[in-house]
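Raw coords_33.cif, mmCIF, C-alpha atoms:
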```
data_my_file
loop_
_atom_site.group_PDB
_atom_site.id
_atom_site.type_symbol
_atom_site.label_atom_id
_atom_site.label_comp_id
_atom_site.auth_asym_id
_atom_site.auth_seq_id
_atom_site.Cartn_x
_atom_site.Cartn_y
_atom_site.Cartn_z
ATOM 1 C CA MET A 42 13.488 -2.224 21.079
ATOM 2 C CA LYS A 43 16.186 -3.818 18.949
ATOM 3 C CA GLU A 44 13.479 -5.549 16.922
ATOM 4 C CA ILE A 45 11.688 -2.262 16.281
ATOM 5 C CA LEU A 46 14.911 -0.548 15.195
ATOM 6 C CA GLU A 47 15.800 -3.414 12.870
ATOM 7 C CA GLY A 48 12.319 -3.247 11.401
ATOM 8 C CA LEU A 49 12.696 0.487 10.857
ATOM 9 C CA VAL A 50 15.939 -0.047 8.951
ATOM 10 C CA TRP A 51 14.083 -2.287 6.480
ATOM 11 C CA VAL A 52 11.264 0.246 6.240
ATOM 12 C CA ILE A 53 13.806 2.981 5.502
ATOM 13 C CA LEU A 54 15.441 0.928 2.750
ATOM 14 C CA GLY A 55 12.128 0.049 1.115
ATOM 15 C CA SER A 56 10.733 3.561 1.306
ATOM 16 C CA ALA A 57 13.926 5.110 -0.050
ATOM 17 C CA ILE A 58 13.052 3.491 -3.397
ATOM 18 C CA GLY A 59 9.249 3.432 -3.028
ATOM 19 C CA GLY A 60 8.901 7.230 -3.045
ATOM 20 C CA PRO A 61 11.105 7.780 -6.106
ATOM 21 C CA ALA A 62 9.256 4.934 -7.880
ATOM 22 C CA ARG A 63 5.975 6.777 -7.273
ATOM 23 C CA TYR A 64 7.514 10.036 -8.474
ATOM 24 C CA PHE A 65 8.696 8.267 -11.627
ATOM 25 C CA VAL A 66 5.387 6.542 -12.417
ATOM 26 C CA SER A 67 3.229 9.624 -11.745
ATOM 27 C CA GLY A 68 5.519 11.699 -13.977
ATOM 28 C CA LEU A 69 5.481 9.057 -16.695
ATOM 29 C CA VAL A 70 1.690 8.679 -16.700
ATOM 30 C CA GLY A 71 1.222 12.452 -16.438
ATOM 31 C CA ARG A 72 3.435 13.088 -19.470
ATOM 32 C CA HIS A 73 1.779 10.433 -21.610
ATOM 33 C CA ILE A 74 -1.868 10.734 -20.645
ATOM 34 C CA GLY A 75 -2.016 14.306 -19.365
ATOM 35 C CA GLU A 76 -2.882 15.727 -15.982
ATOM 36 C CA THR A 77 -6.536 16.673 -16.326
ATOM 37 C CA PHE A 78 -7.430 13.524 -14.388
ATOM 38 C CA PRO A 79 -5.136 11.945 -11.740
ATOM 39 C CA TRP A 80 -4.457 8.743 -13.709
ATOM 40 C CA GLY A 81 -0.888 8.658 -12.369
ATOM 41 C CA THR A 82 -1.957 8.330 -8.737
ATOM 42 C CA MET A 83 -4.625 5.828 -9.797
ATOM 43 C CA ALA A 84 -2.069 3.655 -11.644
ATOM 44 C CA ILE A 85 0.231 3.756 -8.622
ATOM 45 C CA ASN A 86 -2.438 2.861 -6.091
ATOM 46 C CA VAL A 87 -3.960 0.084 -8.200
ATOM 47 C CA SER A 88 -0.615 -1.528 -9.009
ATOM 48 C CA GLY A 89 0.456 -1.196 -5.366
ATOM 49 C CA ALA A 90 -2.791 -2.835 -4.218
ATOM 50 C CA PHE A 91 -2.228 -5.773 -6.572
ATOM 51 C CA VAL A 92 1.315 -6.340 -5.315
ATOM 52 C CA ILE A 93 0.318 -6.077 -1.638
ATOM 53 C CA GLY A 94 -2.230 -8.833 -2.351
ATOM 54 C CA LEU A 95 0.566 -10.985 -3.766
ATOM 55 C CA PHE A 96 2.768 -10.403 -0.739
ATOM 56 C CA ALA A 97 -0.083 -11.053 1.671
ATOM 57 C CA ALA A 98 -0.729 -14.406 0.022
ATOM 58 C CA ALA A 99 2.961 -15.208 0.296
ATOM 59 C CA ALA A 100 3.068 -14.169 3.952
ATOM 60 C CA ILE A 101 -0.037 -16.146 4.876
ATOM 61 C CA GLY A 102 1.130 -19.101 2.779
ATOM 62 C CA GLY A 103 4.392 -19.075 4.716
ATOM 63 C CA THR A 104 6.601 -18.427 1.697
ATOM 64 C CA LEU A 105 7.769 -15.015 2.805
ATOM 65 C CA PRO A 106 11.193 -15.696 4.314
ATOM 66 C CA THR A 107 11.329 -13.275 7.268
ATOM 67 C CA PRO A 108 9.491 -10.362 8.859
ATOM 68 C CA ALA A 109 12.222 -8.254 7.272
ATOM 69 C CA ALA A 110 10.884 -9.078 3.801
ATOM 70 C CA TRP A 111 7.439 -7.742 4.789
ATOM 71 C CA GLN A 112 8.948 -4.663 6.430
ATOM 72 C CA PHE A 113 11.065 -3.905 3.392
ATOM 73 C CA ALA A 114 8.601 -4.712 0.594
ATOM 74 C CA VAL A 115 5.209 -3.946 2.135
ATOM 75 C CA THR A 116 5.598 -1.383 4.931
ATOM 76 C CA GLY A 117 8.592 0.256 3.269
ATOM 77 C CA PHE A 118 8.241 0.030 -0.481
ATOM 78 C CA LEU A 119 4.505 -0.445 -1.102
ATOM 79 C CA GLY A 120 3.482 1.711 1.848
ATOM 80 C CA SER A 121 5.404 4.657 0.478
ATOM 81 C CA TYR A 122 4.852 3.867 -3.222
ATOM 82 C CA THR A 123 1.087 4.209 -2.804
ATOM 83 C CA THR A 124 -0.412 7.437 -1.533
ATOM 84 C CA VAL A 125 -3.577 8.804 -0.027
ATOM 85 C CA SER A 126 -2.353 12.391 0.266
ATOM 86 C CA SER A 127 -2.052 12.863 -3.515
ATOM 87 C CA PHE A 128 -5.403 11.156 -4.012
ATOM 88 C CA SER A 129 -7.052 13.508 -1.492
ATOM 89 C CA VAL A 130 -5.486 16.724 -2.755
ATOM 90 C CA GLN A 131 -6.211 15.830 -6.398
ATOM 91 C CA THR A 132 -9.829 14.990 -5.580
ATOM 92 C CA LEU A 133 -10.145 18.317 -3.767
ATOM 93 C CA ALA A 134 -8.624 20.121 -6.764
ATOM 94 C CA LEU A 135 -11.276 18.573 -9.037
ATOM 95 C CA VAL A 136 -14.034 19.623 -6.612
ATOM 96 C CA ARG A 137 -12.678 23.170 -6.416
ATOM 97 C CA ASP A 138 -12.598 23.248 -10.206
ATOM 98 C CA GLY A 139 -16.296 22.395 -10.225
ATOM 99 C CA GLN A 140 -15.569 19.040 -11.860
ATOM 100 C CA PHE A 141 -17.777 17.063 -9.525
ATOM 101 C CA LEU A 142 -18.261 14.149 -11.898
ATOM 102 C CA ARG A 143 -14.516 13.666 -12.242
ATOM 103 C CA ALA A 144 -13.989 14.057 -8.483
ATOM 104 C CA GLY A 145 -16.659 11.448 -7.744
ATOM 105 C CA GLY A 146 -15.321 9.245 -10.529
ATOM 106 C CA ASN A 147 -11.850 9.430 -9.032
ATOM 107 C CA VAL A 148 -13.123 8.338 -5.613
ATOM 108 C CA ILE A 149 -15.334 5.503 -6.868
ATOM 109 C CA LEU A 150 -12.893 4.238 -9.471
ATOM 110 C CA SER A 151 -9.943 4.323 -7.036
ATOM 111 C CA LEU A 152 -11.873 2.362 -4.417
ATOM 112 C CA VAL A 153 -13.296 -0.203 -6.842
ATOM 113 C CA LEU A 154 -10.041 -0.754 -8.721
ATOM 114 C CA CYS A 155 -7.800 -0.872 -5.638
ATOM 115 C CA LEU A 156 -10.036 -3.273 -3.737
ATOM 116 C CA SER A 157 -10.387 -5.476 -6.824
ATOM 117 C CA ALA A 158 -6.637 -5.337 -7.385
ATOM 118 C CA VAL A 159 -5.790 -6.467 -3.867
ATOM 119 C CA ALA A 160 -8.244 -9.375 -4.174
ATOM 120 C CA LEU A 161 -6.835 -10.302 -7.593
ATOM 121 C CA GLY A 162 -3.261 -10.067 -6.323
ATOM 122 C CA TYR A 163 -4.141 -12.266 -3.377
ATOM 123 C CA ALA A 164 -5.850 -14.817 -5.612
ATOM 124 C CA ALA A 165 -2.920 -14.818 -8.036
ATOM 125 C CA GLY A 166 -0.463 -15.211 -5.179
ATOM 126 C CA SER A 167 -2.436 -18.044 -3.620
ATOM 127 C CA THR A 168 -2.682 -19.858 -6.957
ATOM 128 C CA MET A 169 1.023 -19.486 -7.700
ATOM 129 C CA LEU A 170 1.957 -20.669 -4.248
ATOM 130 C CA GLY A 171 -0.502 -23.529 -4.356
ATOM 131 C CA ALA A 172 -2.457 -22.413 -1.329
ATOM 132 C CA GLY A 173 -6.242 -22.183 -1.222
ATOM 133 C CA VAL A 174 -7.784 -18.717 -1.424
ATOM 134 C CA MET B 247 0.070 24.753 -10.336
ATOM 135 C CA LYS B 248 2.896 22.895 -11.992
ATOM 136 C CA ARG B 249 3.573 25.640 -14.527
ATOM 137 C CA THR B 250 3.716 28.237 -11.776
ATOM 138 C CA GLU B 251 6.270 26.163 -9.931
ATOM 139 C CA GLU B 252 8.470 26.000 -12.981
ATOM 140 C CA ILE B 253 8.257 29.728 -13.512
ATOM 141 C CA GLN B 254 9.042 30.327 -9.861
ATOM 142 C CA ALA B 255 11.963 27.950 -9.996
ATOM 143 C CA LYS B 256 13.395 29.598 -13.104
ATOM 144 C CA SER B 257 13.029 33.131 -11.797
ATOM 145 C CA LEU B 258 14.864 32.255 -8.601
ATOM 146 C CA PRO B 259 18.405 33.572 -8.510
ATOM 147 C CA SER B 260 20.993 30.849 -8.037
ATOM 148 C CA SER B 261 22.027 30.637 -4.408
ATOM 149 C CA HIS B 262 25.670 30.129 -5.341
ATOM 150 C CA PRO B 263 26.221 31.944 -8.635
ATOM 151 C CA GLY B 264 30.012 31.674 -8.490
ATOM 152 C CA LYS B 265 30.175 28.032 -7.427
ATOM 153 C CA ALA B 266 32.225 25.693 -9.563
ATOM 154 C CA ARG B 267 30.120 23.672 -11.984
ATOM 155 C CA ARG B 268 31.990 20.403 -11.662
ATOM 156 C CA TRP B 269 29.909 19.288 -8.687
ATOM 157 C CA ALA B 270 26.654 20.146 -10.398
ATOM 158 C CA VAL B 271 24.139 17.332 -9.997
ATOM 159 C CA PRO B 272 21.339 17.284 -12.607
ATOM 160 C CA GLU B 273 18.141 18.822 -11.229
ATOM 161 C CA THR B 274 16.159 15.666 -11.938
ATOM 162 C CA VAL B 275 18.556 13.574 -9.869
ATOM 163 C CA LYS B 276 18.330 16.108 -7.058
ATOM 164 C CA LEU B 277 14.545 15.934 -7.125
ATOM 165 C CA TYR B 278 14.614 12.126 -6.942
ATOM 166 C CA LEU B 279 16.993 12.271 -3.966
ATOM 167 C CA ILE B 280 14.858 14.904 -2.272
ATOM 168 C CA VAL B 281 11.698 12.829 -2.803
ATOM 169 C CA SER B 282 13.509 9.765 -1.464
ATOM 170 C CA ALA B 283 14.662 11.591 1.677
ATOM 171 C CA GLY B 284 11.191 12.977 2.350
ATOM 172 C CA THR B 285 9.611 9.572 1.770
ATOM 173 C CA VAL B 286 11.941 7.917 4.275
ATOM 174 C CA ILE B 287 10.916 10.450 6.933
ATOM 175 C CA GLY B 288 7.215 9.951 6.179
ATOM 176 C CA SER B 289 7.508 6.167 6.172
ATOM 177 C CA VAL B 290 9.362 5.952 9.476
ATOM 178 C CA LEU B 291 6.674 8.156 11.039
ATOM 179 C CA ARG B 292 3.996 5.891 9.506
ATOM 180 C CA ALA B 293 5.676 2.757 10.873
ATOM 181 C CA LEU B 294 5.919 4.347 14.336
ATOM 182 C CA ALA B 295 2.276 5.463 14.194
ATOM 183 C CA SER B 296 1.309 1.913 13.295
ATOM 184 C CA ILE B 297 3.280 0.420 16.194
ATOM 185 C CA GLY B 298 1.918 3.056 18.603
ATOM 186 C CA THR B 299 -1.755 2.722 17.687
ATOM 187 C CA LEU B 300 -1.527 -1.068 17.679
ATOM 188 C CA ALA B 301 -0.170 -0.991 21.234
ATOM 189 C CA TRP B 302 -2.764 1.533 22.425
ATOM 190 C CA LEU B 303 -5.912 0.647 20.552
ATOM 191 C CA GLY B 304 -5.378 -2.987 19.639
ATOM 192 C CA PRO B 305 -5.780 -4.830 16.343
ATOM 193 C CA GLY B 306 -9.576 -4.607 16.049
ATOM 194 C CA PHE B 307 -9.593 -1.683 13.658
ATOM 195 C CA PRO B 308 -6.735 -0.337 11.466
ATOM 196 C CA TRP B 309 -6.383 2.910 13.413
ATOM 197 C CA GLY B 310 -2.763 3.442 12.403
ATOM 198 C CA THR B 311 -3.530 3.564 8.680
ATOM 199 C CA LEU B 312 -6.563 5.802 9.237
ATOM 200 C CA LEU B 313 -4.522 8.166 11.409
ATOM 201 C CA VAL B 314 -1.629 8.584 8.962
ATOM 202 C CA ASN B 315 -3.945 9.013 5.991
ATOM 203 C CA VAL B 316 -6.058 11.654 7.730
ATOM 204 C CA ILE B 317 -3.044 13.605 9.018
ATOM 205 C CA GLY B 318 -1.249 13.299 5.672
ATOM 206 C CA SER B 319 -4.331 14.573 3.830
ATOM 207 C CA PHE B 320 -4.635 17.543 6.155
ATOM 208 C CA VAL B 321 -0.957 18.435 5.833
ATOM 209 C CA ILE B 322 -0.897 18.220 2.028
ATOM 210 C CA GLY B 323 -4.069 20.323 1.749
ATOM 211 C CA PHE B 324 -2.625 22.908 4.121
ATOM 212 C CA TYR B 325 0.836 23.028 2.594
ATOM 213 C CA ALA B 326 -0.305 22.998 -1.045
ATOM 214 C CA THR B 327 -2.528 26.023 -0.455
ATOM 215 C CA LEU B 328 -0.094 27.860 1.823
ATOM 216 C CA THR B 329 2.750 27.598 -0.723
ATOM 217 C CA GLY B 330 0.682 27.509 -3.908
ATOM 218 C CA PRO B 331 -0.204 30.388 -6.237
ATOM 219 C CA GLY B 332 -1.428 33.250 -4.067
ATOM 220 C CA GLY B 333 -0.080 31.562 -0.936
ATOM 221 C CA ARG B 334 1.647 33.613 1.734
ATOM 222 C CA VAL B 335 4.673 31.326 1.997
ATOM 223 C CA PHE B 336 7.058 30.880 -0.879
ATOM 224 C CA ALA B 337 8.399 27.389 -1.512
ATOM 225 C CA GLY B 338 10.395 26.310 -4.542
ATOM 226 C CA THR B 339 9.905 23.113 -6.499
ATOM 227 C CA ARG B 340 12.387 21.162 -4.370
ATOM 228 C CA GLN B 341 10.820 22.151 -1.089
ATOM 229 C CA ARG B 342 7.334 21.370 -2.359
ATOM 230 C CA GLN B 343 8.412 17.975 -3.697
ATOM 231 C CA PHE B 344 10.171 17.218 -0.409
ATOM 232 C CA VAL B 345 7.099 17.936 1.693
ATOM 233 C CA MET B 346 4.261 16.795 -0.577
ATOM 234 C CA THR B 347 5.641 14.022 -2.779
ATOM 235 C CA GLY B 348 8.155 12.940 -0.152
ATOM 236 C CA ILE B 349 6.891 13.305 3.410
ATOM 237 C CA CYS B 350 3.122 13.255 2.763
ATOM 238 C CA GLY B 351 3.403 10.595 0.055
ATOM 239 C CA GLY B 352 5.576 8.365 2.222
ATOM 240 C CA PHE B 353 3.455 8.918 5.314
ATOM 241 C CA THR B 354 0.125 7.997 3.705
ATOM 242 C CA THR B 355 -0.626 4.624 2.168
ATOM 243 C CA PHE B 356 -3.402 3.421 -0.093
ATOM 244 C CA SER B 357 -2.103 -0.141 -0.394
ATOM 245 C CA MET B 358 -2.319 -0.873 3.330
ATOM 246 C CA PHE B 359 -5.822 0.637 3.439
ATOM 247 C CA SER B 360 -6.845 -1.618 0.526
ATOM 248 C CA TYR B 361 -5.322 -4.693 2.114
ATOM 249 C CA GLU B 362 -6.857 -4.068 5.526
ATOM 250 C CA THR B 363 -10.277 -3.618 3.914
ATOM 251 C CA PHE B 364 -9.739 -6.843 1.979
ATOM 252 C CA ARG B 365 -8.858 -8.628 5.240
ATOM 253 C CA PHE B 366 -12.231 -7.653 6.691
ATOM 254 C CA VAL B 367 -13.958 -9.011 3.584
ATOM 255 C CA GLN B 368 -11.896 -12.175 3.734
ATOM 256 C CA THR B 369 -12.871 -12.887 7.318
ATOM 257 C CA GLY B 370 -16.524 -12.195 6.531
ATOM 258 C CA SER B 371 -16.606 -8.880 8.412
ATOM 259 C CA TRP B 372 -18.468 -7.041 5.659
ATOM 260 C CA PRO B 373 -19.811 -4.311 7.977
ATOM 261 C CA MET B 374 -16.260 -3.568 9.162
ATOM 262 C CA ALA B 375 -15.026 -3.460 5.570
ATOM 263 C CA GLY B 376 -17.785 -1.017 4.664
ATOM 264 C CA LEU B 377 -17.139 1.021 7.789
ATOM 265 C CA ASN B 378 -13.420 1.219 7.048
ATOM 266 C CA VAL B 379 -14.059 2.411 3.492
ATOM 267 C CA GLY B 380 -16.776 4.889 4.486
ATOM 268 C CA VAL B 381 -14.934 6.375 7.461
ATOM 269 C CA SER B 382 -11.625 6.518 5.597
ATOM 270 C CA ILE B 383 -12.803 8.221 2.444
ATOM 271 C CA THR B 384 -14.901 10.732 4.412
ATOM 272 C CA THR B 385 -12.209 11.664 6.905
ATOM 273 C CA TRP B 386 -9.471 11.896 4.229
ATOM 274 C CA LEU B 387 -11.498 14.288 2.123
ATOM 275 C CA VAL B 388 -12.690 16.356 5.092
ATOM 276 C CA ALA B 389 -9.070 16.554 6.307
ATOM 277 C CA VAL B 390 -7.651 17.752 2.972
ATOM 278 C CA TRP B 391 -10.462 20.296 2.685
ATOM 279 C CA LEU B 392 -9.883 21.515 6.262
ATOM 280 C CA GLY B 393 -6.150 21.853 5.599
ATOM 281 C CA HIS B 394 -6.929 23.857 2.486
ATOM 282 C CA MET B 395 -9.424 26.083 4.331
ATOM 283 C CA VAL B 396 -7.064 26.826 7.231
ATOM 284 C CA ALA B 397 -4.278 27.750 4.788
ATOM 285 C CA SER B 398 -6.671 29.896 2.707
ATOM 286 C CA ARG B 399 -7.632 31.757 5.860
ATOM 287 C CA LEU B 400 -3.943 32.319 6.659
ATOM 288 C CA ASN B 401 -3.288 33.455 3.092
ATOM 289 C CA ARG B 402 -5.993 36.098 3.378
ATOM 290 C CA LEU B 403 -4.691 37.492 6.671
ATOM 291 C CA GLY B 404 -2.902 40.822 6.419
ATOM 292 C CA GLY B 405 0.641 41.486 7.565
ATOM 293 C CA VAL B 406 3.877 39.815 6.571
#
```
This entry written out as C-alpha cells:
Amino acid sequence: MKEILEGLVWVILGSAIGGPARYFVSGLVGRHIGETFPWGTMAINVSGAFVIGLFAAAAIGGTLPTPAAWQFAVTGFLGSYTTVSSFSVQTLALVRDGQFLRAGGNVILSLVLCLSAVALGYAAGSTMLGAGV
Amino acid sequence: MKRTEEIQAKSLPSSHPGKARRWAVPETVKLYLIVSAGTVIGSVLRALASIGTLAWLGPGFPWGTLLVNVIGSFVIGFYATLTGPGGRVFAGTRQRQFVMTGICGGFTTFSMFSYETFRFVQTGSWPMAGLNVGVSITTWLVAVWLGHMVASRLNRLGGV
C-alpha cells in the first residue's frame, strides 16, 4: 500500500507538468500552423512516443535509477503529456465535417509516426547506453 | 468551437465585480493551473486503472491502457457535445479546459499505447501488436462517437 501511494506521488508530480506541457505545445502548434488539421496533438503524441522509447531503453538497460523515475517521467509526465482523447475527438470532428480523407490521414499518420517514433527512441536510447537493440 | 468559447467567456458577467484587483491572476496562468489540476486527477485515475486491471486480468494484454483510452474518448465526446455550441449545458472556457484538456487528456495516453504495441513487436508477437492497434483504434473512435451521440440525444430532449 505504501509503495502504491509513493508511486502515485511521483505520478502526480509528473502529470502536474505533463498536462500543461501538452496545453502549451498544442497551443503553440495551433497558432503557428493553424487548426484545420490536428497537427498539435500529432506533434505531442509523436514526440511523447519517441521519449517513451528512450526511457524504455534506459529502464531495460538498467540505467534508470529507481521505479520512481519511471513513475514520474513515464506514467506521470509522458502518460499525461500524450493524449488519446484529443486524438479521438479531433478525428470525429473531421468525420462530422465530411473531411474523411483528413480523418483517415490523421489516424494512419498518427499510428505510423508514433510507432516509428517509439522504435526510433528505443534504438537511440539503446545506442547511447551501449546496449544492443 | 474555440471562437464560440471565447465569445461565451467574454459575455459572462464577472462573478466578483467589486473584488479588489490586486489578487488578479492572469487568465492564461489560471488556465495552466486548471489544466494541471485536471491532468493530475486524470493521471491518478489512469495509474489506479492500470494497477487494478493488471491485478485482475494479468499482464498478457494491456487492458489498463485500452480501458482508460476508451473511457476517456467516450467522456470527451460526450462532454464536448453536451457543452458545445447548441449543447444543453453551459460550460465556460475554464470548465471545458479542466474536463477535456485536463482530466480526459491526463487520463488517456498515446505514448503508453505506442510503447506497449512496440513491446509486442519487439518480442515477435506481431499478431498481438496488430490486434492491439486494431482493437484500440476501433474502440476509441466508436467510444468518442457514442459519447457524441448520447450527448446529441440529450441536447435534443425538451425541458430544462
So that each row is one residue of region 76-142 of chain A with an atom at most 10 Å from region 279-299 of chain B, can you give its shortest atom pair and the distance in Å to one decimal, using all atoms listed in the file, rows by chain and rising number, as a tab-separated table?
```
residue	atom	partner	partner_atom	distance
A:Gln112	CA	B:Ala293	CA	9.2
A:Thr116	CA	B:Ala293	CA	7.2
A:Gly117	CA	B:Ser289	CA	6.7
A:Phe118	CA	B:Ser289	CA	9.1
A:Gly120	CA	B:Ser289	CA	7.4
A:Ser121	CA	B:Ser289	CA	6.3
A:Tyr122	CA	B:Thr285	CA	9.0
```
The PyMOL selection byres ((chain A and resi 152) around 10) applied to the shown file, residues as a PyMOL selection string: (chain A and resi 83+86-87+146-151+153-158) or (chain B and resi 356+360+379+383)
Interface residues on chain B facing chain A, 7 Å, all atoms listed in the file, written as a VMD selection string: chain B and resid 278 281 to 283 285 to 286 289 to 290 315 318 to 319 322 to 323 348 350 to 358 360 to 361 364 386 to 387 390 to 391
The PyMOL selection byres ((chain B and resi 329) around 12) resolved against shown file, as number ranges by chain: B: 247, 250-251, 254, 321-328, 330-339, 341-343, 345-346, 394, 397-398, 400-401
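You will find CA of Leu312 (chain B) at 7.8 Å from CA of Phe359 (chain B).
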One-decimal distance in Å that lies between CA of Pro308 (chain B) and CA of Thr363 (chain B):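 A separation of 9.0 Å between them.
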Within 12 Å of file point (-0.1, 11.8, -15.0), counting all atoms listed in the file, expressed as a PyMOL selection string: (chain A and resi 63-85+127+131) or (chain B and resi 248)
Length of the CA of Phe366 (chain B) to CA of Leu392 (chain B) vector [Å]: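 Computing the Euclidean distance for CA of Phe366 (chain B) and CA of Leu392 (chain B) yields 29.3 Å.
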Near-Leu135 (chain A) list (8 Å; all atoms listed in the file; drop same-chain fewer than 6 positions) as a ChimeraX atom specification: /A:141,143-144
Proximity to Gln368 (chain B) - best of A:Phe96, A:Ala164, A:Asp138, A:Glu44, all atoms listed in the file: A:Ala164
Shortest interatomic distance to Leu377 (chain B) - which of B:Val396, B:Phe307, B:Glu273, B:Trp302, counting only C-alpha atoms: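 Smallest distance to Leu377 (chain B) is found for B:Phe307.
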Once 4 Å is added on each side, what centre and edge lengths in Å to one decimal does the axis-aligned box around all listed atoms of region 323-340 of chain B have, as JSON?
```
{"center_x": 4.2, "center_y": 27.0, "center_z": -1.2, "size_x": 24.5, "size_y": 21.3, "size_z": 18.6}
```
